[in-house]
>>> print(open('entry-v4.cif').read())   # mmCIF, C-alpha atoms
data_entry
#
loop_
_atom_site.label_atom_id
_atom_site.label_comp_id
_atom_site.auth_asym_id
_atom_site.auth_seq_id
_atom_site.Cartn_x
_atom_site.Cartn_y
_atom_site.Cartn_z
CA MET A 1 -20.38 19.05 -18.90
CA TYR A 2 -17.21 18.90 -20.98
CA PHE A 3 -14.99 21.61 -22.36
CA ALA A 4 -12.12 21.07 -24.79
CA ALA A 5 -9.83 23.64 -26.35
CA LEU A 6 -6.61 23.80 -28.29
CA LEU A 7 -3.92 26.29 -27.33
CA ALA A 8 -1.26 26.68 -30.00
CA ARG A 9 1.92 28.58 -29.18
CA THR A 10 3.02 30.86 -31.98
CA GLU A 11 5.70 33.51 -32.25
CA ASP A 12 2.96 36.06 -31.47
CA GLY A 13 1.79 34.25 -28.32
CA TRP A 14 -0.96 31.71 -27.75
CA GLU A 15 -3.89 31.14 -30.10
CA ALA A 16 -6.97 29.31 -28.87
CA SER A 17 -9.62 27.36 -30.67
CA ASP A 18 -12.44 25.28 -29.33
CA THR A 19 -12.64 21.79 -30.63
CA GLU A 20 -15.21 19.10 -31.04
CA LEU A 21 -14.01 15.70 -29.96
CA ASP A 22 -16.98 13.79 -31.37
CA ASP A 23 -14.94 12.46 -34.31
CA VAL A 24 -11.83 11.74 -32.22
CA GLU A 25 -11.59 8.07 -31.33
CA THR A 26 -7.90 7.60 -30.48
CA LEU A 27 -4.96 9.50 -29.07
CA SER A 28 -3.49 9.49 -32.58
CA ASP A 29 -6.61 11.26 -33.89
CA LEU A 30 -6.30 13.83 -31.11
CA ALA A 31 -2.60 14.41 -31.86
CA ASP A 32 -3.39 14.88 -35.54
CA LEU A 33 -6.09 17.42 -34.64
CA ALA A 34 -3.57 19.29 -32.48
CA ARG A 35 -0.92 19.27 -35.22
CA GLU A 36 -3.43 20.80 -37.64
CA ALA A 37 -3.78 23.76 -35.28
CA SER A 38 -0.10 24.65 -35.70
CA PRO A 39 1.29 24.51 -39.22
CA ASP A 40 4.77 25.49 -37.95
CA ASP A 41 5.15 22.46 -35.63
CA ASP A 42 4.90 24.69 -32.55
CA THR A 43 3.69 23.43 -29.20
CA VAL A 44 -0.04 22.70 -29.03
CA LEU A 45 -1.89 21.91 -25.84
CA VAL A 46 -5.21 20.11 -25.84
CA LEU A 47 -7.05 20.98 -22.63
CA ILE A 48 -10.03 18.84 -21.70
CA GLU A 49 -12.09 19.11 -18.55
CA GLN A 50 -15.19 17.51 -17.19
CA GLU A 51 -16.72 19.89 -14.72
CA ASP A 52 -15.77 19.07 -11.12
CA ALA A 53 -14.51 15.58 -12.05
CA TRP A 54 -11.20 15.58 -13.94
CA PHE A 55 -9.05 17.40 -16.45
CA GLY A 56 -6.46 16.34 -18.96
CA VAL A 57 -3.62 17.97 -20.83
CA VAL A 58 -2.18 16.57 -24.04
CA ARG A 59 0.95 18.26 -25.33
CA VAL A 60 2.02 17.87 -28.93
CA ASP A 61 5.39 19.28 -29.99
CA GLY A 62 5.71 18.88 -33.75
CA GLU A 63 5.98 15.24 -34.76
CA GLU A 64 7.02 14.03 -31.29
CA ASP A 65 4.79 11.57 -29.47
CA PRO A 66 2.07 13.32 -27.47
CA ARG A 67 2.64 13.75 -23.74
CA ILE A 68 -0.36 13.27 -21.46
CA TYR A 69 -1.42 14.22 -17.96
CA VAL A 70 -4.79 13.25 -16.45
CA SER A 71 -5.80 14.58 -13.03
CA ASP A 72 -7.94 11.60 -11.99
CA ALA A 73 -7.65 8.44 -14.06
CA ALA A 74 -10.59 6.65 -12.42
CA ALA A 75 -12.94 9.56 -13.11
CA ALA A 76 -11.62 9.96 -16.66
CA ALA A 77 -12.08 6.24 -17.32
CA ARG A 78 -15.81 6.70 -16.90
CA SER A 79 -15.79 9.31 -19.67
CA SER A 80 -15.65 8.71 -23.40
CA TYR A 81 -13.16 11.58 -23.77
CA GLY A 82 -11.08 10.33 -20.88
CA GLU A 83 -10.81 6.92 -22.46
CA ILE A 84 -9.00 8.53 -25.41
CA LEU A 85 -6.26 9.76 -23.06
CA LEU A 86 -5.93 6.65 -20.89
CA THR A 87 -3.70 4.61 -23.15
CA ASP A 88 -2.29 1.24 -22.15
CA GLU A 89 1.16 2.82 -21.91
CA LEU A 90 -0.09 5.60 -19.62
CA LEU A 91 -1.74 3.05 -17.33
CA GLY A 92 1.24 0.70 -17.35
CA ARG A 93 -0.60 -2.11 -19.15
CA GLU A 94 0.54 -4.28 -21.99
CA PRO A 95 -1.28 -3.40 -25.23
CA GLY A 96 -4.36 -5.55 -25.67
CA GLU A 97 -4.36 -6.66 -22.04
CA ASP A 98 -7.88 -7.52 -20.97
CA VAL A 99 -9.41 -4.85 -18.79
CA PRO A 100 -12.50 -5.61 -16.73
CA ASP A 101 -15.72 -3.79 -17.51
CA LEU A 102 -15.59 -0.50 -15.58
CA ASP A 103 -19.20 -0.87 -14.49
CA ALA A 104 -18.29 -4.13 -12.77
CA LEU A 105 -15.34 -2.63 -10.87
CA ASP A 106 -15.43 -1.42 -7.30
CA LEU A 107 -13.84 2.01 -7.81
CA ASP A 108 -14.08 3.22 -4.23
CA GLY A 109 -10.30 3.39 -3.76
CA THR A 110 -9.88 0.19 -1.80
CA GLU A 111 -9.04 -3.36 -2.73
CA ASP A 112 -10.08 -6.14 -0.37
CA GLY A 113 -10.75 -3.53 2.30
CA GLU A 114 -7.19 -2.15 2.26
CA ASP A 115 -6.58 1.58 1.96
CA ASP A 116 -4.74 2.59 -1.23
CA ASP A 117 -3.96 6.18 -0.18
CA ALA A 118 -0.20 5.60 -0.36
CA GLU A 119 -0.50 4.56 -3.98
CA GLU A 120 -2.52 7.67 -4.82
CA ASP A 121 0.41 9.88 -3.82
CA ASP A 122 2.67 8.52 -6.58
CA PRO A 123 1.17 8.26 -10.06
CA ASP A 124 3.82 5.72 -11.14
CA THR A 125 3.03 3.45 -8.18
CA ALA A 126 -0.69 3.86 -8.76
CA ALA A 127 -0.31 2.97 -12.45
CA ALA A 128 1.82 -0.07 -11.62
CA ALA A 129 -0.71 -1.22 -9.04
CA ALA A 130 -3.52 -0.72 -11.51
CA SER A 131 -1.77 -2.84 -14.12
CA THR A 132 -1.40 -5.73 -11.70
CA GLU A 133 -4.93 -5.40 -10.38
CA GLY A 134 -6.56 -4.72 -13.74
CA THR A 135 -8.13 -1.48 -12.52
CA VAL A 136 -7.64 2.18 -13.26
CA PRO A 137 -5.89 4.12 -10.47
CA HIS A 138 -7.53 6.92 -8.54
CA GLY A 139 -5.61 10.14 -8.84
CA PRO A 140 -3.26 11.59 -11.41
CA VAL A 141 -1.45 9.64 -14.11
CA GLY A 142 0.92 10.66 -16.84
CA ASP A 143 3.64 13.23 -17.27
CA GLY A 144 3.43 15.58 -14.30
CA GLY A 145 6.20 17.72 -15.80
CA ILE A 146 4.28 18.26 -19.04
CA LEU A 147 4.09 22.04 -18.50
CA ASP A 148 7.29 22.63 -16.47
CA ASP A 149 9.01 24.61 -19.23
CA LEU A 150 5.88 26.73 -19.64
CA GLY A 151 5.78 27.81 -15.99
CA VAL A 152 3.39 25.25 -14.50
CA SER A 153 5.25 22.81 -12.24
CA GLN A 154 4.15 19.29 -11.41
CA LYS A 155 3.21 20.50 -7.92
CA ASP A 156 1.11 23.31 -9.40
CA LEU A 157 -0.55 20.93 -11.85
CA ARG A 158 -1.45 18.44 -9.12
CA SER A 159 -2.93 21.19 -6.94
CA LEU A 160 -5.36 22.41 -9.61
CA SER A 161 -9.00 21.70 -9.02
CA GLN A 162 -12.38 22.69 -10.41
CA ASP A 163 -11.27 25.45 -12.78
CA ALA A 164 -8.05 23.78 -13.93
CA VAL A 165 -8.23 24.73 -17.62
CA ASN A 166 -8.64 28.41 -16.80
CA GLU A 167 -5.86 28.26 -14.20
CA ILE A 168 -3.50 26.63 -16.70
CA ALA A 169 -4.35 29.24 -19.34
CA GLU A 170 -3.78 32.02 -16.81
CA ALA A 171 -0.36 30.63 -15.87
CA LEU A 172 0.55 30.47 -19.57
CA GLY A 173 -0.65 34.01 -20.19
CA ALA A 174 -3.39 32.70 -22.45
CA SER A 175 -6.51 33.27 -20.37
CA GLU A 176 -7.85 36.04 -22.62
CA VAL A 177 -7.54 33.95 -25.80
CA LEU A 178 -9.04 30.92 -24.06
CA GLU A 179 -11.98 33.03 -22.92
CA THR A 180 -12.81 33.83 -26.54
CA VAL A 181 -13.58 30.14 -27.22
CA ARG A 182 -15.38 29.34 -23.96
#
>>> encode(input="entry-v4.cif", output="structure tokens")
Amino acid sequence: MYFAALLARTEDGWEASDTELDDVETLSDLADLAREASPDDDTVLVLIEQEDAWFGVVRVDGEEDPRIYVSDAAAAARSSYGEILLTDELLGREPGEDVPDLDALDLDGTEDGEDDDAEEDDPDTAAAAASTEGTVPHGPVGDGGILDDLGVSQKDLRSLSQDAVNEIAEALGASEVLETVR
């Protein structure tokens, strides 16, 4: 089960709205949707979670490029919503680089029987390894500091689990407004 919400920071605090992602096909579409939620070019967070599998945060600050964090790239890659977030740039691939069919990949975390745990600890290393192997890394990818200035450190973000969206909203002081759209 998926849940997606927009949190827009205003001078009066956070405003939440639920959002349908059915018509969103690209990260650009998602950024445009987020910008529509804040006519004053304030910060907008798009929070997406698939129950017990992964969560993603997209941050849009005015006309700046969106910043992205995904808790588990391999799990998100198996999701139509996750595929929106997993851009070539985020995964360290050249645009248009051929990617093997995910159903054909062995996504158990090992390659040729070797343990990839060390790569999981560093999202940059995992993304670089994925680009050379043509696979999507297990574990987090993206901007771990995406919420630092809002009181959620990279360490905090990486430690979130099953109820990540609610925990993020609580840390931002937006849990009550998020609850209205759940």
>>> closest_residue(input="entry-v4.cif", among="A:Gly145, A:Pro66, A:Pro137, A:Gly56", to="Val165 in chain A", atoms="all atoms listed in the file")
A:Gly56
>>> atom_distance(input="entry-v4.cif", atom1="CA of Leu30 in chain A", atom2="CA of Val60 in chain A")
9.5 Å
>>> resolve_selection(input="entry-v4.cif", expression="the PyMOL selection byres ((chain A and resi 11-17) around 9)", output="PyMOL selection string")
chain A and resi 4-10+18-19+37+42+172-174+177-181
>>> atom_distance(input="entry-v4.cif", atom1="CA of Glu94 in chain A", atom2="CA of Ile146 in chain A")
23.0 Å
>>> residues_around(input="entry-v4.cif", residues="Glu83 in chain A", least_positions_apart="4", cutoff="10 Å", atoms="all atoms listed in the file", output="count of residues only")
10
>>> resolve_selection(input="entry-v4.cif", expression="the PyMOL selection byres ((chain A and resi 2) around 9)", output="list in words")
Met1, Phe3, Ala4, Ile48, Glu49, Gln50, Glu51 and Tyr81 of chain A
>>> closest_residue(input="entry-v4.cif", among="A:Pro140, A:Asp52, A:Arg59, A:Leu85", to="Ser159 in chain A", atoms="all atoms listed in the file")
A:Pro140
>>> axis_aligned_box(input="entry-v4.cif", around="range 84-94 of chain A", padding_each_side="8 Å", output="AutoDock Vina command-line options")
--center_x -3.9 --center_y 2.7 --center_z -21.4 --size_x 26.2 --size_y 30.0 --size_z 24.1
>>> resolve_selection(input="entry-v4.cif", expression="the PyMOL selection byres ((chain A and resi 41) around 8)", output="count of residues only")
9
>>> closest_residue(input="entry-v4.cif", among="A:Val141, A:Asp32, A:Asp23, A:Arg93", to="Asp72 in chain A", atoms="only C-alpha atoms")
A:Val141
>>> atom_distance(input="entry-v4.cif", atom1="CA of Leu21 in chain A", atom2="CA of Leu33 in chain A")
9.4 Å
>>> closest_residue(input="entry-v4.cif", among="A:Leu91, A:Val152, A:Leu160, A:Leu147", to="Ala53 in chain A", atoms="only C-alpha atoms")
A:Leu160
>>> build_atoms(input="entry-v4.cif", residues="range 49-60 of chain A", atoms="all heavy atoms", output="compact mmCIF listing (two decimals), in the frame of the given file")
# COMPACT_ATOMS: atom_id res chain seq x y z
N GLU A 49 -11.65 19.20 -19.95
CA GLU A 49 -12.09 19.11 -18.55
C GLU A 49 -13.55 18.68 -18.50
O GLU A 49 -14.34 19.05 -19.35
CB GLU A 49 -11.82 20.42 -17.82
CG GLU A 49 -12.94 21.37 -17.68
CD GLU A 49 -12.54 22.70 -17.05
OE1 GLU A 49 -11.63 22.76 -16.20
OE2 GLU A 49 -13.16 23.69 -17.42
N GLN A 50 -13.82 17.84 -17.53
CA GLN A 50 -15.19 17.51 -17.19
C GLN A 50 -15.45 18.19 -15.87
O GLN A 50 -14.74 17.94 -14.88
CB GLN A 50 -15.42 16.01 -17.06
CG GLN A 50 -16.86 15.69 -16.72
CD GLN A 50 -17.12 14.21 -16.56
OE1 GLN A 50 -16.23 13.39 -16.61
NE2 GLN A 50 -18.37 13.89 -16.32
N GLU A 51 -16.43 19.05 -15.87
CA GLU A 51 -16.72 19.89 -14.72
C GLU A 51 -16.69 19.12 -13.40
O GLU A 51 -17.37 18.11 -13.24
CB GLU A 51 -18.10 20.52 -14.93
CG GLU A 51 -18.40 21.65 -13.98
CD GLU A 51 -19.69 22.32 -14.38
OE1 GLU A 51 -19.71 22.96 -15.45
OE2 GLU A 51 -20.66 22.20 -13.63
N ASP A 52 -15.87 19.59 -12.48
CA ASP A 52 -15.77 19.07 -11.12
C ASP A 52 -15.34 17.60 -11.02
O ASP A 52 -15.41 17.01 -9.95
CB ASP A 52 -17.09 19.23 -10.35
CG ASP A 52 -17.47 20.68 -10.17
OD1 ASP A 52 -16.58 21.55 -10.19
OD2 ASP A 52 -18.68 20.95 -10.03
N ALA A 53 -14.87 16.99 -12.11
CA ALA A 53 -14.51 15.58 -12.05
C ALA A 53 -13.03 15.34 -12.37
O ALA A 53 -12.32 14.71 -11.60
CB ALA A 53 -15.39 14.75 -12.97
N TRP A 54 -12.58 15.81 -13.52
CA TRP A 54 -11.20 15.58 -13.94
C TRP A 54 -10.83 16.54 -15.05
O TRP A 54 -11.69 17.16 -15.66
CB TRP A 54 -10.99 14.13 -14.41
CG TRP A 54 -11.75 13.79 -15.66
CD1 TRP A 54 -13.05 13.40 -15.75
CD2 TRP A 54 -11.27 13.87 -17.01
NE1 TRP A 54 -13.41 13.21 -17.06
CE2 TRP A 54 -12.33 13.48 -17.86
CE3 TRP A 54 -10.06 14.20 -17.59
CZ2 TRP A 54 -12.21 13.44 -19.25
CZ3 TRP A 54 -9.93 14.16 -18.98
CH2 TRP A 54 -11.00 13.76 -19.78
N PHE A 55 -9.53 16.66 -15.30
CA PHE A 55 -9.05 17.40 -16.45
C PHE A 55 -7.85 16.67 -17.03
O PHE A 55 -7.20 15.88 -16.36
CB PHE A 55 -8.69 18.86 -16.10
CG PHE A 55 -7.45 19.02 -15.27
CD1 PHE A 55 -6.20 19.18 -15.87
CD2 PHE A 55 -7.52 19.00 -13.88
CE1 PHE A 55 -5.06 19.33 -15.10
CE2 PHE A 55 -6.39 19.15 -13.10
CZ PHE A 55 -5.14 19.31 -13.71
N GLY A 56 -7.60 16.94 -18.30
CA GLY A 56 -6.46 16.34 -18.96
C GLY A 56 -5.75 17.35 -19.83
O GLY A 56 -6.36 18.30 -20.33
N VAL A 57 -4.44 17.14 -19.97
CA VAL A 57 -3.62 17.97 -20.83
C VAL A 57 -2.87 17.02 -21.77
O VAL A 57 -2.25 16.06 -21.32
CB VAL A 57 -2.59 18.79 -20.03
CG1 VAL A 57 -1.72 19.62 -20.96
CG2 VAL A 57 -3.27 19.68 -19.00
N VAL A 58 -2.97 17.29 -23.05
CA VAL A 58 -2.18 16.57 -24.04
C VAL A 58 -1.29 17.61 -24.71
O VAL A 58 -1.78 18.64 -25.17
CB VAL A 58 -3.06 15.87 -25.09
CG1 VAL A 58 -2.20 15.18 -26.14
CG2 VAL A 58 -4.01 14.89 -24.44
N ARG A 59 0.00 17.33 -24.72
CA ARG A 59 0.95 18.26 -25.33
C ARG A 59 1.54 17.61 -26.57
O ARG A 59 2.04 16.49 -26.52
CB ARG A 59 2.06 18.60 -24.35
CG ARG A 59 3.09 19.55 -24.93
CD ARG A 59 4.12 19.94 -23.91
NE ARG A 59 5.12 20.81 -24.51
CZ ARG A 59 5.90 21.61 -23.80
NH1 ARG A 59 5.81 21.64 -22.48
NH2 ARG A 59 6.79 22.36 -24.42
N VAL A 60 1.46 18.35 -27.68
CA VAL A 60 2.02 17.87 -28.93
C VAL A 60 3.05 18.90 -29.38
O VAL A 60 2.73 20.07 -29.58
CB VAL A 60 0.92 17.70 -30.00
CG1 VAL A 60 1.52 17.25 -31.32
CG2 VAL A 60 -0.13 16.70 -29.52
